[in-house]
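Engineer: The structure follows.
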Amino acid sequence: MGLNLEEQKAVDRFRKEVVEPSMTSLVVLDFWAEWCGPCKALTPVLEKVCGEYADKGVVLAKINVDEEQFIAAQFQVRSIPTVYAMFQGQPVADLTNARSESQLKALLDQLLSQLPVGGPDEGTAEVAQFIEMGEAVLAEGDGVRAAGIFAQVVEMAPENPAARAGLIRALVAAGKIDEALAAADALDETLSADSGVKAALSALELAGDRVDEGELQTLRAAAAERPTDMEAQLAFAEAAYAAGQRDEAADALLAMVQHDREWNDGAARAQLVKIFEAVGLEDPWVVATRRRLSRVLFG
């Protein structure tokens, strides 16, 4: 997937704090730092104008470049303050040179006249409602029904990344791997870059290791008989997770890390990270398992 845990967390924060609000609002994105004098001079201007324009759909989001270096790098921020206007997940204007209230208001007025900024329409609200329903059904363990719901949402909103991700995850949960692969193949490059879709693709990749119960038992026995055989441990861990036995999979992978963290270029740790991405970094099980990994790595 190309991202380590901290980078993925940064992307998730950015998605929640900037990308999601920008789907219906114009987000003024301010890159700043505590030590930046010009930033401190600009902040009151941004806060005042964005506050006055709040009822027009304008919100202010601030990114501390020292704390979010990965995000700043993605925007190729070379000096601060740097200010962008974001709408529907994309930068639509560079506002950096607007240092006075009048300059900023003029640019915002121009953007608001050109962009469909506003609250969600009825169709958008309906899509959100169906996505929430699909997630609830999937959480109950009914992958088949959830896949049906998400398939309807994809027809309604084919460019919605949450709908696409939900469909892939639901098909995986239902054991319909070929259909999940087809849904993944239908993704365009923009959708594939979404963090939720990336997590769904990780889940699909991990599901590719699914075996029948007899073979799983054979792999489990081999791993138990040869605790220092790293190939046997990894094969069992992959199959166990694909079979829904994530605790067994995590136990095996953590034991591998403890025994030889550098084996096969850190394959055990990489597999754990892939599982974390597939399940979701905020999931309680992932949080607890990451703590276990930290204890193994750092004592």
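Labeling convention for the structure tokens: chains A, B, ... as they appear, residues from 1 per chain, ligands from 1 in order of appearance.
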DSSP on the backbone: which residues in region 120-183 of chain A end up as alpha helix (DSSP H)? Give the answer as a tab-separated table (two decimals) with N, CA, C and O atoms, in the first residue's frame.
Structural biologist:
```
chain	number	residue	atom	x	y	z
A	122	GLU	N	-31.01	16.22	-1.58
A	122	GLU	CA	-31.77	15.03	-1.18
A	122	GLU	C	-31.07	13.76	-1.63
A	122	GLU	O	-31.02	12.77	-0.90
A	123	GLY	N	-30.51	13.79	-2.85
A	123	GLY	CA	-29.83	12.61	-3.37
A	123	GLY	C	-28.62	12.26	-2.55
A	123	GLY	O	-28.37	11.08	-2.23
A	124	THR	N	-27.84	13.26	-2.17
A	124	THR	CA	-26.65	13.02	-1.36
A	124	THR	C	-27.03	12.46	0.01
A	124	THR	O	-26.37	11.54	0.51
A	125	ALA	N	-28.09	12.99	0.60
A	125	ALA	CA	-28.54	12.50	1.90
A	125	ALA	C	-29.01	11.06	1.81
A	125	ALA	O	-28.76	10.24	2.70
A	126	GLU	N	-29.67	10.71	0.70
A	126	GLU	CA	-30.14	9.35	0.52
A	126	GLU	C	-28.97	8.39	0.39
A	126	GLU	O	-28.98	7.29	0.96
A	127	VAL	N	-27.96	8.79	-0.38
A	127	VAL	CA	-26.77	7.96	-0.54
A	127	VAL	C	-26.11	7.72	0.82
A	127	VAL	O	-25.75	6.59	1.16
A	128	ALA	N	-25.95	8.78	1.61
A	128	ALA	CA	-25.35	8.66	2.93
A	128	ALA	C	-26.15	7.72	3.82
A	128	ALA	O	-25.58	6.92	4.58
A	129	GLN	N	-27.46	7.79	3.71
A	129	GLN	CA	-28.33	6.95	4.52
A	129	GLN	C	-28.14	5.47	4.16
A	129	GLN	O	-28.04	4.60	5.03
A	130	PHE	N	-28.07	5.18	2.85
A	130	PHE	CA	-27.90	3.80	2.41
A	130	PHE	C	-26.51	3.27	2.78
A	130	PHE	O	-26.36	2.09	3.11
A	131	ILE	N	-25.50	4.12	2.70
A	131	ILE	CA	-24.15	3.69	3.10
A	131	ILE	C	-24.13	3.33	4.58
A	131	ILE	O	-23.57	2.31	4.98
A	132	GLU	N	-24.76	4.15	5.39
A	132	GLU	CA	-24.84	3.87	6.83
A	132	GLU	C	-25.57	2.55	7.08
A	132	GLU	O	-25.16	1.74	7.93
A	133	MET	N	-26.63	2.32	6.31
A	133	MET	CA	-27.38	1.07	6.45
A	133	MET	C	-26.50	-0.12	6.07
A	133	MET	O	-26.47	-1.15	6.76
A	134	GLY	N	-25.78	0.00	4.95
A	134	GLY	CA	-24.91	-1.08	4.51
A	134	GLY	C	-23.83	-1.40	5.52
A	134	GLY	O	-23.53	-2.57	5.79
A	135	GLU	N	-23.24	-0.36	6.12
A	135	GLU	CA	-22.21	-0.57	7.13
A	135	GLU	C	-22.78	-1.28	8.35
A	135	GLU	O	-22.13	-2.15	8.94
A	136	ALA	N	-24.01	-0.92	8.74
A	136	ALA	CA	-24.64	-1.55	9.90
A	136	ALA	C	-24.90	-3.03	9.63
A	136	ALA	O	-24.65	-3.88	10.49
A	137	VAL	N	-25.39	-3.33	8.44
A	137	VAL	CA	-25.67	-4.73	8.08
A	137	VAL	C	-24.37	-5.53	8.01
A	137	VAL	O	-24.30	-6.67	8.47
A	138	LEU	N	-23.34	-4.92	7.44
A	138	LEU	CA	-22.05	-5.60	7.36
A	138	LEU	C	-21.48	-5.87	8.75
A	138	LEU	O	-20.90	-6.92	9.00
A	139	ALA	N	-21.64	-4.90	9.67
A	139	ALA	CA	-21.16	-5.07	11.04
A	139	ALA	C	-21.89	-6.22	11.74
A	139	ALA	O	-21.33	-6.86	12.64
A	143	GLY	N	-22.85	-10.35	5.05
A	143	GLY	CA	-22.15	-9.83	3.89
A	143	GLY	C	-22.99	-9.82	2.64
A	143	GLY	O	-22.90	-8.89	1.83
A	144	VAL	N	-23.81	-10.83	2.45
A	144	VAL	CA	-24.63	-10.93	1.24
A	144	VAL	C	-25.62	-9.76	1.16
A	144	VAL	O	-25.74	-9.09	0.13
A	145	ARG	N	-26.31	-9.53	2.26
A	145	ARG	CA	-27.29	-8.42	2.27
A	145	ARG	C	-26.58	-7.08	2.14
A	145	ARG	O	-27.05	-6.18	1.43
A	146	ALA	N	-25.47	-6.92	2.83
A	146	ALA	CA	-24.72	-5.67	2.75
A	146	ALA	C	-24.24	-5.43	1.32
A	146	ALA	O	-24.28	-4.29	0.83
A	147	ALA	N	-23.79	-6.49	0.64
A	147	ALA	CA	-23.34	-6.33	-0.74
A	147	ALA	C	-24.48	-5.85	-1.63
A	147	ALA	O	-24.27	-5.01	-2.53
A	148	GLY	N	-25.68	-6.35	-1.39
A	148	GLY	CA	-26.83	-5.90	-2.17
A	148	GLY	C	-27.12	-4.42	-1.95
A	148	GLY	O	-27.42	-3.69	-2.91
A	149	ILE	N	-27.00	-3.98	-0.70
A	149	ILE	CA	-27.24	-2.56	-0.40
A	149	ILE	C	-26.18	-1.69	-1.06
A	149	ILE	O	-26.48	-0.69	-1.72
A	150	PHE	N	-24.90	-2.07	-0.90
A	150	PHE	CA	-23.83	-1.27	-1.48
A	150	PHE	C	-23.87	-1.27	-3.00
A	150	PHE	O	-23.52	-0.27	-3.63
A	151	ALA	N	-24.31	-2.37	-3.60
A	151	ALA	CA	-24.43	-2.42	-5.06
A	151	ALA	C	-25.45	-1.39	-5.55
A	151	ALA	O	-25.25	-0.72	-6.58
A	152	GLN	N	-26.54	-1.24	-4.80
A	152	GLN	CA	-27.53	-0.22	-5.15
A	152	GLN	C	-26.96	1.19	-5.02
A	152	GLN	O	-27.21	2.05	-5.87
A	153	VAL	N	-26.16	1.40	-3.97
A	153	VAL	CA	-25.56	2.72	-3.77
A	153	VAL	C	-24.58	3.04	-4.89
A	153	VAL	O	-24.52	4.17	-5.37
A	154	VAL	N	-23.81	2.04	-5.32
A	154	VAL	CA	-22.87	2.26	-6.42
A	154	VAL	C	-23.61	2.66	-7.69
A	154	VAL	O	-23.14	3.50	-8.46
A	155	GLU	N	-24.78	2.07	-7.93
A	155	GLU	CA	-25.58	2.47	-9.09
A	155	GLU	C	-26.06	3.91	-8.96
A	155	GLU	O	-26.10	4.67	-9.93
A	156	MET	N	-26.40	4.32	-7.73
A	156	MET	CA	-26.88	5.67	-7.49
A	156	MET	C	-25.75	6.69	-7.57
A	156	MET	O	-25.92	7.80	-8.09
A	161	PRO	N	-16.59	6.95	-3.05
A	161	PRO	CA	-15.59	5.97	-2.61
A	161	PRO	C	-16.08	5.08	-1.47
A	161	PRO	O	-15.72	3.91	-1.40
A	162	ALA	N	-16.91	5.62	-0.57
A	162	ALA	CA	-17.40	4.82	0.55
A	162	ALA	C	-18.29	3.69	0.06
A	162	ALA	O	-18.27	2.58	0.61
A	163	ALA	N	-19.08	3.96	-0.99
A	163	ALA	CA	-19.94	2.93	-1.56
A	163	ALA	C	-19.11	1.84	-2.23
A	163	ALA	O	-19.37	0.65	-2.06
A	164	ARG	N	-18.10	2.25	-2.98
A	164	ARG	CA	-17.23	1.28	-3.65
A	164	ARG	C	-16.48	0.42	-2.64
A	164	ARG	O	-16.37	-0.80	-2.79
A	165	ALA	N	-15.94	1.08	-1.61
A	165	ALA	CA	-15.21	0.34	-0.58
A	165	ALA	C	-16.13	-0.63	0.16
A	165	ALA	O	-15.77	-1.78	0.42
A	166	GLY	N	-17.33	-0.16	0.49
A	166	GLY	CA	-18.29	-1.01	1.18
A	166	GLY	C	-18.68	-2.23	0.37
A	166	GLY	O	-18.81	-3.33	0.90
A	167	LEU	N	-18.85	-2.04	-0.95
A	167	LEU	CA	-19.21	-3.17	-1.80
A	167	LEU	C	-18.11	-4.22	-1.80
A	167	LEU	O	-18.38	-5.43	-1.68
A	168	ILE	N	-16.86	-3.79	-1.93
A	168	ILE	CA	-15.74	-4.75	-1.95
A	168	ILE	C	-15.66	-5.50	-0.62
A	168	ILE	O	-15.53	-6.72	-0.58
A	169	ARG	N	-15.75	-4.75	0.49
A	169	ARG	CA	-15.66	-5.40	1.80
A	169	ARG	C	-16.82	-6.37	2.03
A	169	ARG	O	-16.65	-7.44	2.61
A	170	ALA	N	-18.01	-5.97	1.58
A	170	ALA	CA	-19.18	-6.85	1.77
A	170	ALA	C	-19.05	-8.12	0.94
A	170	ALA	O	-19.38	-9.22	1.40
A	171	LEU	N	-18.57	-7.99	-0.29
A	171	LEU	CA	-18.39	-9.17	-1.13
A	171	LEU	C	-17.33	-10.11	-0.55
A	171	LEU	O	-17.47	-11.33	-0.59
A	172	VAL	N	-16.28	-9.53	0.02
A	172	VAL	CA	-15.27	-10.34	0.70
A	172	VAL	C	-15.89	-11.08	1.88
A	172	VAL	O	-15.68	-12.29	2.07
A	173	ALA	N	-16.68	-10.36	2.68
A	173	ALA	CA	-17.32	-10.97	3.84
A	173	ALA	C	-18.28	-12.08	3.43
A	173	ALA	O	-18.46	-13.07	4.16
A	177	ILE	N	-15.30	-13.79	-3.69
A	177	ILE	CA	-14.01	-13.17	-3.99
A	177	ILE	C	-13.92	-12.75	-5.46
A	177	ILE	O	-13.39	-11.68	-5.77
A	178	ASP	N	-14.42	-13.58	-6.36
A	178	ASP	CA	-14.36	-13.22	-7.78
A	178	ASP	C	-15.14	-11.93	-8.06
A	178	ASP	O	-14.69	-11.07	-8.84
A	179	GLU	N	-16.31	-11.79	-7.43
A	179	GLU	CA	-17.10	-10.57	-7.62
A	179	GLU	C	-16.39	-9.36	-6.99
A	179	GLU	O	-16.44	-8.25	-7.53
A	180	ALA	N	-15.74	-9.60	-5.86
A	180	ALA	CA	-14.97	-8.51	-5.22
A	180	ALA	C	-13.81	-8.08	-6.11
A	180	ALA	O	-13.52	-6.88	-6.24
A	181	LEU	N	-13.15	-9.05	-6.74
A	181	LEU	CA	-12.05	-8.72	-7.66
A	181	LEU	C	-12.57	-7.91	-8.85
A	181	LEU	O	-11.93	-6.96	-9.30
A	182	ALA	N	-13.74	-8.28	-9.35
A	182	ALA	CA	-14.33	-7.53	-10.46
A	182	ALA	C	-14.67	-6.11	-10.03
A	182	ALA	O	-14.46	-5.15	-10.79
A	183	ALA	N	-15.19	-5.95	-8.81
A	183	ALA	CA	-15.50	-4.61	-8.30
A	183	ALA	C	-14.23	-3.79	-8.14
A	183	ALA	O	-14.22	-2.58	-8.40
```
Engineer: What lies within 6 Å of region 240-255 of chain A using only C-alpha atoms, ignoring chain neighbours under 3 positions off, as a VMD selection string?
Structural biologist: chain A and resid 207 209 to 210 236 to 237 258 268
Engineer: Could you give me the residues within region 12-260 of chain A that DSSP places in strand (DSSP E or B), as a PyMOL selection string?
Structural biologist: chain A and resi 26-32+58-64+82-87+90-94
Engineer: Skip Asp30 (chain A) itself and residues of its chain fewer than 2 positions away, then list as a ChimeraX atom specification all residues within 6 Å of it, counting only C-alpha atoms.
Structural biologist: /A:62-63,83
Engineer: Could you dump the residues just selected with all heavy atoms as a PDB file, in the first residue's frame?
Structural biologist:
```pdb
ATOM      1  N   LYS A  62      -6.880  23.985   9.692  1.00  0.00           N
ATOM      2  CA  LYS A  62      -5.483  24.374   9.878  1.00  0.00           C
ATOM      3  C   LYS A  62      -4.609  23.130   9.975  1.00  0.00           C
ATOM      4  O   LYS A  62      -4.949  22.181  10.675  1.00  0.00           O
ATOM      5  CB  LYS A  62      -5.332  25.239  11.123  1.00  0.00           C
ATOM      6  CG  LYS A  62      -6.160  26.520  11.073  1.00  0.00           C
ATOM      7  CD  LYS A  62      -6.003  27.343  12.336  1.00  0.00           C
ATOM      8  CE  LYS A  62      -4.635  27.951  12.480  1.00  0.00           C
ATOM      9  NZ  LYS A  62      -4.307  28.903  11.407  1.00  0.00           N
ATOM     10  N   ILE A  63      -3.485  23.141   9.267  1.00  0.00           N
ATOM     11  CA  ILE A  63      -2.540  22.034   9.268  1.00  0.00           C
ATOM     12  C   ILE A  63      -1.197  22.537   9.800  1.00  0.00           C
ATOM     13  O   ILE A  63      -0.553  23.381   9.167  1.00  0.00           O
ATOM     14  CB  ILE A  63      -2.341  21.450   7.857  1.00  0.00           C
ATOM     15  CG1 ILE A  63      -3.651  20.912   7.296  1.00  0.00           C
ATOM     16  CG2 ILE A  63      -1.247  20.378   7.871  1.00  0.00           C
ATOM     17  CD1 ILE A  63      -4.131  19.653   7.939  1.00  0.00           C
ATOM     18  N   VAL A  83      -1.860  28.744   1.809  1.00  0.00           N
ATOM     19  CA  VAL A  83      -3.313  28.623   2.007  1.00  0.00           C
ATOM     20  C   VAL A  83      -3.968  28.194   0.692  1.00  0.00           C
ATOM     21  O   VAL A  83      -3.750  28.827  -0.351  1.00  0.00           O
ATOM     22  CB  VAL A  83      -3.939  29.953   2.486  1.00  0.00           C
ATOM     23  CG1 VAL A  83      -5.425  29.761   2.787  1.00  0.00           C
ATOM     24  CG2 VAL A  83      -3.207  30.479   3.713  1.00  0.00           C
TER      25      VAL A  83
END
```
Engineer: Quick one: residues within 8 Å of region 99-104 of chain A, only C-alpha atoms counted, chain neighbours fewer than 4 positions away excluded, as a list in words?
Structural biologist: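 Here the answer would be Leu42, Val45, Leu46, Val49, Leu95 and Leu108 of chain A.
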Engineer: Next, the residues of the selection above should be written as a compact mmCIF listing (two decimals), in the first residue's frame with N, CA, C and O atoms.
Structural biologist:
```txt
# COMPACT_ATOMS: atom_id res chain seq x y z
N LEU A 42 -1.49 36.24 9.83
CA LEU A 42 -2.57 35.87 8.92
C LEU A 42 -3.73 35.18 9.63
O LEU A 42 -4.89 35.31 9.20
N VAL A 45 -6.97 37.08 10.34
CA VAL A 45 -7.68 37.42 9.10
C VAL A 45 -8.48 36.21 8.62
O VAL A 45 -9.67 36.33 8.28
N LEU A 46 -7.84 35.06 8.58
CA LEU A 46 -8.52 33.85 8.12
C LEU A 46 -9.69 33.51 9.03
O LEU A 46 -10.79 33.18 8.55
N VAL A 49 -12.64 36.19 8.53
CA VAL A 49 -13.36 36.10 7.25
C VAL A 49 -14.11 34.77 7.14
O VAL A 49 -15.27 34.75 6.73
N LEU A 95 -4.80 30.56 -2.16
CA LEU A 95 -5.19 31.81 -1.49
C LEU A 95 -4.02 32.44 -0.73
O LEU A 95 -4.23 33.38 0.02
N LEU A 108 -12.94 34.57 -2.21
CA LEU A 108 -14.00 33.66 -1.77
C LEU A 108 -15.29 33.93 -2.52
O LEU A 108 -16.01 33.00 -2.92
```
Engineer: For Val58 (chain A), work out the shell of residues within 8 Å, counting only C-alpha atoms and skipping chain neighbours fewer than 6 positions away, then give it as a list in words.
Structural biologist: Ser25, Leu26, Val27, Val28, Cys50 and Gly51 of chain A
Engineer: Could you check how far CA of Arg269 (chain A) sits from CA of Thr228 (chain A), in Å to one decimal?
Structural biologist: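 For CA of Arg269 (chain A) relative to CA of Thr228 (chain A), the distance reads 16.2 Å.
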Engineer: What does the structure give for the distance between CA of Lys198 (chain A) and CA of Asp12 (chain A), in Å to one decimal?
Structural biologist: 11.3 Å
Engineer: List the neighbours of region 78-82 of chain A out to 8 Å using only C-alpha atoms; skip same-chain residues closer than 4 positions along the sequence, and give me the result as a VMD selection string.
Structural biologist: chain A and resid 30 to 33 36 38 to 39 42 95 to 96
Engineer: Given only C-alpha atoms as the basis, pick out the residue of A:Leu191, A:Ala10, A:Ala203, A:Ala278 nearest to Gln69 (chain A).
Structural biologist: A:Ala10
